[in-house]
Amino acid sequence: MAVTTDTPTDDRSSATDAVQAPRKQRASGANVGFGVIAWVVAILFFFPVFWMVLTSFKTEGDAYTPTPKLFFEPTLEQYEGVFSSGLGPYIANSVAATVLSTVLVLLLGVPAAFALSLRPVRKTSDVLFFFISTKMLPVVAAIVPIYVVVNQIGMLDNIWTLIVLYTGMNLPIAVWMMRSFFLEVPGELLEQASIDGAPLWRTLREIVLPIISPGIFATALICVIFAWNEFFFAVNLTAANAGTVPVFLVGFITSEGLYWAQLSAAATIAALPVVLAGWVAHNKLVQGLSFGAVK
Amino acid sequence: MTATLEERPAPAANVGGAAMIDRAEGWRRRAPLLPALVFTIVVTQIPFILTLFYSLQSWNLVRPGSQEFVWFSNYVDVFTDSQFRQVALNTVVMTLGSVLIAVALGLLLALLLNRQFLGRGVVRTLLITPFLITPVAAALLWRTVLLDPTLGLVNFVLSPFGASGTEWISQFPLASVMAALVWQWTPFMMLLLLAGLQSQPSDQLEAARVDGASAWSVFRELTLPHLRRFIELGVVLGTIYLVNTFDTVYMMTQGGPGVASANLPFYIYQRAFLGFDIGQSAAMGVVVVIITLIAASFALRLLFRSFSGEEELT
């Protein structure tokens, strides 16, 4: 993709032509050096994650050694142990809260983003301002009344409480993000369709939807990441019935030290779905978290 | 009222026509927006109004029937609470410290990754992974496997330098929490700044290089000014997300020892759910909201400037 942007004017390249990368681009000596540094830093950053996964396949004896063990006989006993200590229902809760809140976000957010971009309402910027301002209010300031109200209506430790709250948490981000995708739809296309007399819903389905569906997918992944990782509401509003995976991990605080391998297995399971979603959506992550400001 | 007063991009604007048609059209445009708007108002705004109301009451959950209206005495308590001031300071240090370090490291990484080298895609994938790890899991990992004084990886690596046995979590609780936060947020800053670097027009850079400008002066005169907006955006976004940090504090230090590593979200949580003091924690919540609103009004202006300069950012 960057074949044409490569500059052959680098004065250091001639000396190091021998160490060319086996690609089309010509890597200068400086770039090889920077490449090595980048690899070292990347491995350093990734190492804790690698170590977590590695530890999850150890026995507790192998995990808890003065000299960390790189080689050992791998075992699945920690994963079995985590599931037999009751992780299953927590995963089910996390999946329910994540999937259902994301579906709700899209159902509410797609029409709203449409009404803020392609067929803008009056005071569009005020509405956008309102949506983004809700993300600036610290959630901790709302937890007390939320707890009191949820308690009064008997919805404590109920998964639907989390679904509603996660929808509220992700909707502003989704609206902003999807709006930025809608704005990429060329206006002439819509005008042309309306001149041709096509009904609006058909225009949407046949012209707009194919253009924005990658954006909707990316938005959904961002919502999945946030909902799956959410902890504050979950730990304060749920317990044994509706607890999510992060709440399950709290149990390891008290048993610190003795169960590193099992803790690593639980942490790996907790992290895995989001890491996969993030790897898929990595080039849309910035767009999502910057509310669509950066593409 | 006529609709023509408004100046905004309306690709399919209904120009001519009576006010009746305008109004019907207005509602047709508004209809798709309303469910999301109403939902957001109910879920996010009503709790804040209730917070305001509760903050004027003396109400402790462990003493049923203790609820009474006390006006501003909760606020007086908050401002005379020396722990609250300590915690507020911790919040500023934790948030701004982590954000600034993450932006600085992210900038260095972005500059590295903006070059061509073998396996760049893999390197980027490895680098963003810490950002994706569930914060609760990451904090647990830091607390045990990485920072454990006797068997942790960090002390093992540092033992040749005579640092073995350092009790990171209890001796440097705030710094330990910040280390985990920086580890998680540097990748995001890198991605953001990388997007900024890659949006820089390459012909401009080439022209400068042909003119014989040194790499450093190209960076200072061209790249840095271009990146400025992205750096600002990174600071703003990082602050918005990190000021709410709760999971990392909860899992790593529980705010301790004392309140040495407690930030406002954790402290309010303690007051509400361990002290059951509804009135007082609501008052703290209001104070936090006011501080945040002041900070956010700057942040919002900046974000909107980023959007109005959209062509620069795309």
# chains A, B, ... in the order shown; residues from 1 in each chain; ligands from 1
$ residues_around --residues "Val78 (chain B)" --least-positions-apart "3" --cutoff "9 Å" --atoms "only C-alpha atoms" --output "VMD selection string"
chain B and resid 73 to 75 81 to 82 84 to 85 280 to 281 283 to 284 287
$ write_last_selection --atoms "N, CA and C atoms" --output "PDB file, in the first residue's frame"
ATOM      1  N   SER B  73     -25.265  20.872  54.697  1.00  0.00           N
ATOM      2  CA  SER B  73     -24.284  20.424  55.686  1.00  0.00           C
ATOM      3  C   SER B  73     -23.402  19.300  55.134  1.00  0.00           C
ATOM      4  N   ASN B  74     -23.928  18.503  54.213  1.00  0.00           N
ATOM      5  CA  ASN B  74     -23.082  17.481  53.589  1.00  0.00           C
ATOM      6  C   ASN B  74     -21.915  18.116  52.843  1.00  0.00           C
ATOM      7  N   TYR B  75     -22.192  19.256  52.190  1.00  0.00           N
ATOM      8  CA  TYR B  75     -21.134  19.925  51.428  1.00  0.00           C
ATOM      9  C   TYR B  75     -20.077  20.499  52.359  1.00  0.00           C
ATOM     10  N   ASP B  81     -13.351  17.771  54.933  1.00  0.00           N
ATOM     11  CA  ASP B  81     -12.797  16.416  55.031  1.00  0.00           C
ATOM     12  C   ASP B  81     -11.406  16.415  54.408  1.00  0.00           C
ATOM     13  N   SER B  82     -10.377  16.256  55.255  1.00  0.00           N
ATOM     14  CA  SER B  82      -9.016  16.330  54.716  1.00  0.00           C
ATOM     15  C   SER B  82      -8.721  15.143  53.812  1.00  0.00           C
ATOM     16  N   PHE B  84     -10.821  13.856  51.750  1.00  0.00           N
ATOM     17  CA  PHE B  84     -11.393  14.188  50.448  1.00  0.00           C
ATOM     18  C   PHE B  84     -10.400  15.013  49.633  1.00  0.00           C
ATOM     19  N   ARG B  85      -9.749  15.958  50.297  1.00  0.00           N
ATOM     20  CA  ARG B  85      -8.770  16.783  49.575  1.00  0.00           C
ATOM     21  C   ARG B  85      -7.602  15.931  49.085  1.00  0.00           C
ATOM     22  N   GLN B 280     -23.842  11.982  52.077  1.00  0.00           N
ATOM     23  CA  GLN B 280     -22.480  12.459  51.918  1.00  0.00           C
ATOM     24  C   GLN B 280     -21.871  12.048  50.570  1.00  0.00           C
ATOM     25  N   SER B 281     -22.078  10.788  50.185  1.00  0.00           N
ATOM     26  CA  SER B 281     -21.488  10.375  48.911  1.00  0.00           C
ATOM     27  C   SER B 281     -22.162  11.088  47.751  1.00  0.00           C
ATOM     28  N   ALA B 283     -23.246  14.166  47.889  1.00  0.00           N
ATOM     29  CA  ALA B 283     -22.640  15.500  47.866  1.00  0.00           C
ATOM     30  C   ALA B 283     -21.277  15.469  47.186  1.00  0.00           C
ATOM     31  N   MET B 284     -20.487  14.429  47.490  1.00  0.00           N
ATOM     32  CA  MET B 284     -19.188  14.297  46.809  1.00  0.00           C
ATOM     33  C   MET B 284     -19.388  14.140  45.312  1.00  0.00           C
ATOM     34  N   VAL B 287     -19.953  17.462  43.799  1.00  0.00           N
ATOM     35  CA  VAL B 287     -18.706  18.225  43.704  1.00  0.00           C
ATOM     36  C   VAL B 287     -17.871  17.729  42.522  1.00  0.00           C
TER      37      VAL B 287
END
$ residues_around --residues "region 271-276 of chain A" --least-positions-apart "6" --cutoff "9 Å" --atoms "only C-alpha atoms" --output "PyMOL selection string"
(chain A and resi 221+224-226+228-229) or (chain B and resi 129-135+137-138)
$ write_last_selection --atoms "N, CA and C atoms" --output "PDB file, in the first residue's frame"
ATOM      1  N   LEU A 221     -18.617  -3.665  17.646  1.00  0.00           N
ATOM      2  CA  LEU A 221     -17.453  -4.243  18.324  1.00  0.00           C
ATOM      3  C   LEU A 221     -16.965  -3.353  19.467  1.00  0.00           C
ATOM      4  N   VAL A 224     -19.238  -3.813  22.303  1.00  0.00           N
ATOM      5  CA  VAL A 224     -18.971  -5.111  22.919  1.00  0.00           C
ATOM      6  C   VAL A 224     -17.778  -4.992  23.873  1.00  0.00           C
ATOM      7  N   ILE A 225     -16.721  -4.317  23.417  1.00  0.00           N
ATOM      8  CA  ILE A 225     -15.524  -4.179  24.243  1.00  0.00           C
ATOM      9  C   ILE A 225     -15.855  -3.459  25.549  1.00  0.00           C
ATOM     10  N   PHE A 226     -16.557  -2.331  25.446  1.00  0.00           N
ATOM     11  CA  PHE A 226     -16.877  -1.557  26.647  1.00  0.00           C
ATOM     12  C   PHE A 226     -17.791  -2.335  27.587  1.00  0.00           C
ATOM     13  N   TRP A 228     -18.339  -5.608  27.813  1.00  0.00           N
ATOM     14  CA  TRP A 228     -17.705  -6.797  28.387  1.00  0.00           C
ATOM     15  C   TRP A 228     -16.752  -6.425  29.524  1.00  0.00           C
ATOM     16  N   ASN A 229     -16.038  -5.307  29.355  1.00  0.00           N
ATOM     17  CA  ASN A 229     -15.030  -4.912  30.343  1.00  0.00           C
ATOM     18  C   ASN A 229     -15.609  -4.158  31.525  1.00  0.00           C
TER      19      ASN A 229
ATOM     20  N   THR B 129      -2.535  -4.951  22.303  1.00  0.00           N
ATOM     21  CA  THR B 129      -3.190  -5.943  23.161  1.00  0.00           C
ATOM     22  C   THR B 129      -3.394  -5.478  24.612  1.00  0.00           C
ATOM     23  N   PRO B 130      -2.405  -4.835  25.264  1.00  0.00           N
ATOM     24  CA  PRO B 130      -2.655  -4.398  26.645  1.00  0.00           C
ATOM     25  C   PRO B 130      -3.896  -3.526  26.777  1.00  0.00           C
ATOM     26  N   PHE B 131      -4.170  -2.730  25.759  1.00  0.00           N
ATOM     27  CA  PHE B 131      -5.335  -1.860  25.812  1.00  0.00           C
ATOM     28  C   PHE B 131      -6.634  -2.670  25.817  1.00  0.00           C
ATOM     29  N   LEU B 132      -6.593  -3.869  25.244  1.00  0.00           N
ATOM     30  CA  LEU B 132      -7.812  -4.654  25.096  1.00  0.00           C
ATOM     31  C   LEU B 132      -8.087  -5.553  26.294  1.00  0.00           C
ATOM     32  N   ILE B 133      -7.048  -5.822  27.091  1.00  0.00           N
ATOM     33  CA  ILE B 133      -7.236  -6.704  28.238  1.00  0.00           C
ATOM     34  C   ILE B 133      -8.243  -6.073  29.209  1.00  0.00           C
ATOM     35  N   THR B 134      -9.219  -6.858  29.624  1.00  0.00           N
ATOM     36  CA  THR B 134     -10.189  -6.410  30.621  1.00  0.00           C
ATOM     37  C   THR B 134      -9.450  -5.763  31.796  1.00  0.00           C
ATOM     38  N   PRO B 135      -9.752  -4.506  32.118  1.00  0.00           N
ATOM     39  CA  PRO B 135      -8.979  -3.818  33.161  1.00  0.00           C
ATOM     40  C   PRO B 135      -8.915  -4.584  34.476  1.00  0.00           C
ATOM     41  N   ALA B 137      -8.894  -7.810  34.878  1.00  0.00           N
ATOM     42  CA  ALA B 137      -7.915  -8.881  34.699  1.00  0.00           C
ATOM     43  C   ALA B 137      -6.499  -8.311  34.689  1.00  0.00           C
ATOM     44  N   ALA B 138      -6.328  -7.172  34.019  1.00  0.00           N
ATOM     45  CA  ALA B 138      -5.002  -6.555  33.952  1.00  0.00           C
ATOM     46  C   ALA B 138      -4.526  -6.163  35.343  1.00  0.00           C
TER      47      ALA B 138
END
$ residues_around --residues "Gly88 (chain A)" --least-positions-apart "3" --cutoff "12 Å" --atoms "only C-alpha atoms" --output "PyMOL selection string"
chain A and resi 79-85+91-95+240-245+248+266+269-270
$ write_last_selection --atoms "N, CA and C atoms" --output "PDB file, in the first residue's frame"
ATOM      1  N   TYR A  79      -8.104 -24.443  33.807  1.00  0.00           N
ATOM      2  CA  TYR A  79      -9.351 -24.090  33.126  1.00  0.00           C
ATOM      3  C   TYR A  79     -10.495 -24.936  33.666  1.00  0.00           C
ATOM      4  N   GLU A  80     -10.200 -26.223  33.877  1.00  0.00           N
ATOM      5  CA  GLU A  80     -11.226 -27.086  34.472  1.00  0.00           C
ATOM      6  C   GLU A  80     -11.602 -26.559  35.857  1.00  0.00           C
ATOM      7  N   GLY A  81     -10.575 -26.180  36.621  1.00  0.00           N
ATOM      8  CA  GLY A  81     -10.821 -25.686  37.973  1.00  0.00           C
ATOM      9  C   GLY A  81     -11.675 -24.431  37.979  1.00  0.00           C
ATOM     10  N   VAL A  82     -11.379 -23.502  37.047  1.00  0.00           N
ATOM     11  CA  VAL A  82     -12.128 -22.257  36.982  1.00  0.00           C
ATOM     12  C   VAL A  82     -13.597 -22.528  36.676  1.00  0.00           C
ATOM     13  N   PHE A  83     -13.832 -23.454  35.738  1.00  0.00           N
ATOM     14  CA  PHE A  83     -15.216 -23.730  35.378  1.00  0.00           C
ATOM     15  C   PHE A  83     -15.938 -24.491  36.491  1.00  0.00           C
ATOM     16  N   SER A  84     -15.207 -25.379  37.163  1.00  0.00           N
ATOM     17  CA  SER A  84     -15.890 -26.126  38.216  1.00  0.00           C
ATOM     18  C   SER A  84     -16.138 -25.246  39.444  1.00  0.00           C
ATOM     19  N   SER A  85     -15.415 -24.116  39.548  1.00  0.00           N
ATOM     20  CA  SER A  85     -15.731 -23.214  40.652  1.00  0.00           C
ATOM     21  C   SER A  85     -16.792 -22.201  40.232  1.00  0.00           C
ATOM     22  N   ILE A  91     -20.046 -16.138  32.779  1.00  0.00           N
ATOM     23  CA  ILE A  91     -19.838 -15.934  31.343  1.00  0.00           C
ATOM     24  C   ILE A  91     -21.184 -15.716  30.660  1.00  0.00           C
ATOM     25  N   ALA A  92     -22.178 -16.545  31.032  1.00  0.00           N
ATOM     26  CA  ALA A  92     -23.504 -16.390  30.425  1.00  0.00           C
ATOM     27  C   ALA A  92     -24.046 -14.980  30.685  1.00  0.00           C
ATOM     28  N   ASN A  93     -23.871 -14.488  31.909  1.00  0.00           N
ATOM     29  CA  ASN A  93     -24.332 -13.135  32.220  1.00  0.00           C
ATOM     30  C   ASN A  93     -23.605 -12.089  31.392  1.00  0.00           C
ATOM     31  N   SER A  94     -22.289 -12.240  31.284  1.00  0.00           N
ATOM     32  CA  SER A  94     -21.509 -11.285  30.497  1.00  0.00           C
ATOM     33  C   SER A  94     -21.973 -11.280  29.047  1.00  0.00           C
ATOM     34  N   VAL A  95     -22.183 -12.482  28.504  1.00  0.00           N
ATOM     35  CA  VAL A  95     -22.615 -12.576  27.106  1.00  0.00           C
ATOM     36  C   VAL A  95     -23.978 -11.904  26.949  1.00  0.00           C
ATOM     37  N   ALA A 240     -24.535 -12.855  43.074  1.00  0.00           N
ATOM     38  CA  ALA A 240     -24.411 -14.221  42.577  1.00  0.00           C
ATOM     39  C   ALA A 240     -25.259 -14.484  41.327  1.00  0.00           C
ATOM     40  N   ASN A 241     -26.415 -13.836  41.208  1.00  0.00           N
ATOM     41  CA  ASN A 241     -27.312 -14.151  40.095  1.00  0.00           C
ATOM     42  C   ASN A 241     -26.893 -13.525  38.775  1.00  0.00           C
ATOM     43  N   ALA A 242     -26.584 -12.236  38.806  1.00  0.00           N
ATOM     44  CA  ALA A 242     -26.350 -11.514  37.560  1.00  0.00           C
ATOM     45  C   ALA A 242     -24.902 -11.067  37.422  1.00  0.00           C
ATOM     46  N   GLY A 243     -24.010 -11.576  38.266  1.00  0.00           N
ATOM     47  CA  GLY A 243     -22.613 -11.154  38.208  1.00  0.00           C
ATOM     48  C   GLY A 243     -21.984 -11.480  36.864  1.00  0.00           C
ATOM     49  N   THR A 244     -21.112 -10.562  36.386  1.00  0.00           N
ATOM     50  CA  THR A 244     -20.429 -10.785  35.120  1.00  0.00           C
ATOM     51  C   THR A 244     -19.003 -11.284  35.381  1.00  0.00           C
ATOM     52  N   VAL A 245     -18.282 -11.575  34.314  1.00  0.00           N
ATOM     53  CA  VAL A 245     -16.945 -12.161  34.452  1.00  0.00           C
ATOM     54  C   VAL A 245     -16.007 -11.289  35.309  1.00  0.00           C
ATOM     55  N   PHE A 248     -16.581 -12.001  38.828  1.00  0.00           N
ATOM     56  CA  PHE A 248     -16.008 -13.290  39.218  1.00  0.00           C
ATOM     57  C   PHE A 248     -14.540 -13.140  39.601  1.00  0.00           C
ATOM     58  N   ALA A 266      -8.520 -17.679  34.630  1.00  0.00           N
ATOM     59  CA  ALA A 266      -9.742 -16.864  34.669  1.00  0.00           C
ATOM     60  C   ALA A 266      -9.543 -15.544  33.939  1.00  0.00           C
ATOM     61  N   ILE A 269      -9.573 -16.092  30.186  1.00  0.00           N
ATOM     62  CA  ILE A 269     -10.935 -16.255  29.672  1.00  0.00           C
ATOM     63  C   ILE A 269     -11.644 -14.905  29.634  1.00  0.00           C
ATOM     64  N   ALA A 270     -11.448 -14.110  30.682  1.00  0.00           N
ATOM     65  CA  ALA A 270     -12.106 -12.802  30.734  1.00  0.00           C
ATOM     66  C   ALA A 270     -11.648 -11.908  29.594  1.00  0.00           C
TER      67      ALA A 270
END
$ closest_residue --among "A:Leu76, A:Val139, A:Ala227, A:Ala112" --to "chain B" --atoms "only C-alpha atoms"
A:Ala112
$ residues_around --residues "region 181-188 of chain A" --least-positions-apart "5" --cutoff "7 Å" --atoms "only C-alpha atoms" --output "list in words"
Phe114, Ser117, Leu118, Val208, Ile211, Ile212 and Gly215 of chain A; Pro11 of chain B
$ write_last_selection --atoms "N, CA and C atoms" --output "PDB file, in the first residue's frame"
ATOM      1  N   PHE A 114     -28.680   8.597  11.936  1.00  0.00           N
ATOM      2  CA  PHE A 114     -29.237   9.018  10.649  1.00  0.00           C
ATOM      3  C   PHE A 114     -29.851  10.411  10.783  1.00  0.00           C
ATOM      4  N   SER A 117     -27.285  13.186  10.746  1.00  0.00           N
ATOM      5  CA  SER A 117     -26.300  13.315   9.676  1.00  0.00           C
ATOM      6  C   SER A 117     -26.964  13.507   8.326  1.00  0.00           C
ATOM      7  N   LEU A 118     -27.571  12.451   7.786  1.00  0.00           N
ATOM      8  CA  LEU A 118     -28.067  12.522   6.420  1.00  0.00           C
ATOM      9  C   LEU A 118     -29.316  13.386   6.316  1.00  0.00           C
ATOM     10  N   VAL A 208     -27.751   3.250   1.316  1.00  0.00           N
ATOM     11  CA  VAL A 208     -27.018   3.685   2.504  1.00  0.00           C
ATOM     12  C   VAL A 208     -26.453   2.496   3.278  1.00  0.00           C
ATOM     13  N   ILE A 211     -23.154   0.931   2.366  1.00  0.00           N
ATOM     14  CA  ILE A 211     -21.990   1.803   2.592  1.00  0.00           C
ATOM     15  C   ILE A 211     -21.626   1.834   4.069  1.00  0.00           C
ATOM     16  N   ILE A 212     -22.636   1.874   4.927  1.00  0.00           N
ATOM     17  CA  ILE A 212     -22.311   2.075   6.339  1.00  0.00           C
ATOM     18  C   ILE A 212     -22.213   0.785   7.143  1.00  0.00           C
ATOM     19  N   GLY A 215     -19.155   0.235   9.128  1.00  0.00           N
ATOM     20  CA  GLY A 215     -19.114   1.162  10.249  1.00  0.00           C
ATOM     21  C   GLY A 215     -19.985   0.697  11.401  1.00  0.00           C
TER      22      GLY A 215
ATOM     23  N   PRO B  11     -28.770  18.292   3.332  1.00  0.00           N
ATOM     24  CA  PRO B  11     -28.703  17.848   1.935  1.00  0.00           C
ATOM     25  C   PRO B  11     -30.071  17.770   1.273  1.00  0.00           C
TER      26      PRO B  11
END
$ closest_residue --among "B:Phe172, B:Phe69, B:Phe276, B:Phe219" --to "chain A" --atoms "only C-alpha atoms"
B:Phe276
$ closest_residue --among "A:Ala42, A:Ile216, A:Ile195, A:Ala281" --to "Gly109 (chain A)" --atoms "only C-alpha atoms"
A:Ile216
$ select_by_dssp --residues "region 71-247 of chain A" --states "alpha helix (DSSP H)" --output "PyMOL selection string"
chain A and resi 77-84+87-115+124-136+140-152+159-182+187-195+200-203+209-229+232-237+245-247
$ residues_around --residues "Tyr250 (chain B)" --least-positions-apart "5" --cutoff "10 Å" --atoms "only C-alpha atoms" --output "list in words"
Phe231, Phe232, Val250 and Ile253 of chain A; Val136, Ala139, Leu140, Val177, Thr245, Gly255, Gly256, Ser261, Ala262, Pro265, Phe266 and Tyr269 of chain B
$ residues_around --residues "Phe291 (chain A)" --least-positions-apart "2" --cutoff "7 Å" --atoms "only C-alpha atoms" --output "list in words"
Ile173, Trp176, Met177, Gln287, Gly288, Leu289 and Ala293 of chain A
$ write_last_selection --atoms "C-alpha atoms" --output "short mmCIF file (atom, residue, chain, number, x, y, z; two decimals), in the first residue's frame"
data_model
loop_
_atom_site.label_atom_id
_atom_site.label_comp_id
_atom_site.auth_asym_id
_atom_site.auth_seq_id
_atom_site.Cartn_x
_atom_site.Cartn_y
_atom_site.Cartn_z
CA ILE A 173 -20.37 6.84 21.67
CA TRP A 176 -21.21 9.87 17.40
CA MET A 177 -19.29 7.10 15.77
CA GLN A 287 -12.47 6.24 15.67
CA GLY A 288 -14.75 4.74 18.31
CA LEU A 289 -12.97 6.08 21.34
CA ALA A 293 -13.15 12.54 15.48
#
$ closest_residue --among "B:Gly196, B:Gly212, B:Gly258, B:Pro32" --to "Leu116 (chain A)" --atoms "only C-alpha atoms"
B:Pro32
$ atom_distance --atom1 "CA of Ala213 (chain B)" --atom2 "CA of Val294 (chain A)"
28.9 Å
$ residues_around --residues "Gln83 (chain B)" --least-positions-apart "3" --cutoff "12 Å" --atoms "only C-alpha atoms" --output "PyMOL selection string"
chain B and resi 77-80+86-90+255+258-264+267-268+271+284
$ closest_residue --among "B:Pro173, B:Gly121, B:Gly26, B:Pro64" --to "chain A" --atoms "only C-alpha atoms"
B:Gly26
$ atom_distance --atom1 "CA of Ala282 (chain B)" --atom2 "CA of Pro172 (chain A)"
24.2 Å
$ closest_atom_pairs --of "region 44-129 of chain B" --to "region 222-241 of chain B" --cutoff "10 Å" --atoms "only C-alpha atoms" --output "tab-separated table"
residue	atom	partner	partner_atom	distance
B:Val92	CA	B:Thr239	CA	9.6
B:Met94	CA	B:Thr239	CA	9.9
B:Thr95	CA	B:Thr239	CA	6.2
B:Leu96	CA	B:Thr239	CA	6.8
B:Gly97	CA	B:Thr239	CA	9.9
B:Ser98	CA	B:Gly238	CA	8.6
B:Val99	CA	B:Gly238	CA	5.7
B:Leu100	CA	B:Val235	CA	6.9
B:Ala102	CA	B:Gly238	CA	8.8
B:Val103	CA	B:Gly234	CA	6.9
B:Ala104	CA	B:Ile231	CA	9.1
B:Gly106	CA	B:Gly234	CA	9.7
B:Leu107	CA	B:Ile231	CA	8.4
$ write_last_selection --atoms "N, CA and C atoms" --output "short mmCIF file (atom, residue, chain, number, x, y, z; two decimals), in the first residue's frame"
data_model
loop_
_atom_site.label_atom_id
_atom_site.label_comp_id
_atom_site.auth_asym_id
_atom_site.auth_seq_id
_atom_site.Cartn_x
_atom_site.Cartn_y
_atom_site.Cartn_z
N VAL B 92 -6.14 13.85 40.53
CA VAL B 92 -5.48 14.69 39.53
C VAL B 92 -4.15 14.07 39.13
N MET B 94 -3.12 10.93 39.44
CA MET B 94 -3.31 9.65 38.75
C MET B 94 -3.77 9.87 37.31
N THR B 95 -4.74 10.74 37.13
CA THR B 95 -5.31 10.94 35.80
C THR B 95 -4.31 11.63 34.88
N LEU B 96 -3.88 12.84 35.29
CA LEU B 96 -3.01 13.60 34.40
C LEU B 96 -1.66 12.91 34.24
N GLY B 97 -1.11 12.37 35.34
CA GLY B 97 0.18 11.68 35.25
C GLY B 97 0.13 10.54 34.25
N SER B 98 -0.88 9.67 34.41
CA SER B 98 -0.97 8.52 33.51
C SER B 98 -1.18 8.97 32.07
N VAL B 99 -2.06 9.96 31.89
CA VAL B 99 -2.37 10.40 30.52
C VAL B 99 -1.12 10.98 29.86
N LEU B 100 -0.40 11.85 30.59
CA LEU B 100 0.75 12.51 29.96
C LEU B 100 1.86 11.51 29.64
N ALA B 102 1.42 8.31 29.11
CA ALA B 102 0.94 7.46 28.01
C ALA B 102 1.04 8.19 26.67
N VAL B 103 0.75 9.49 26.67
CA VAL B 103 0.84 10.24 25.41
C VAL B 103 2.30 10.32 24.95
N ALA B 104 3.21 10.58 25.90
CA ALA B 104 4.62 10.69 25.53
C ALA B 104 5.14 9.37 24.98
N GLY B 106 3.31 6.94 23.83
CA GLY B 106 2.54 6.65 22.62
C GLY B 106 3.11 7.38 21.42
N LEU B 107 3.58 8.61 21.65
CA LEU B 107 4.17 9.37 20.55
C LEU B 107 5.44 8.69 20.04
#
$ closest_residue --among "B:Val157, B:Leu151, B:Met252, B:Val243" --to "Asp62 (chain A)" --atoms "only C-alpha atoms"
B:Leu151
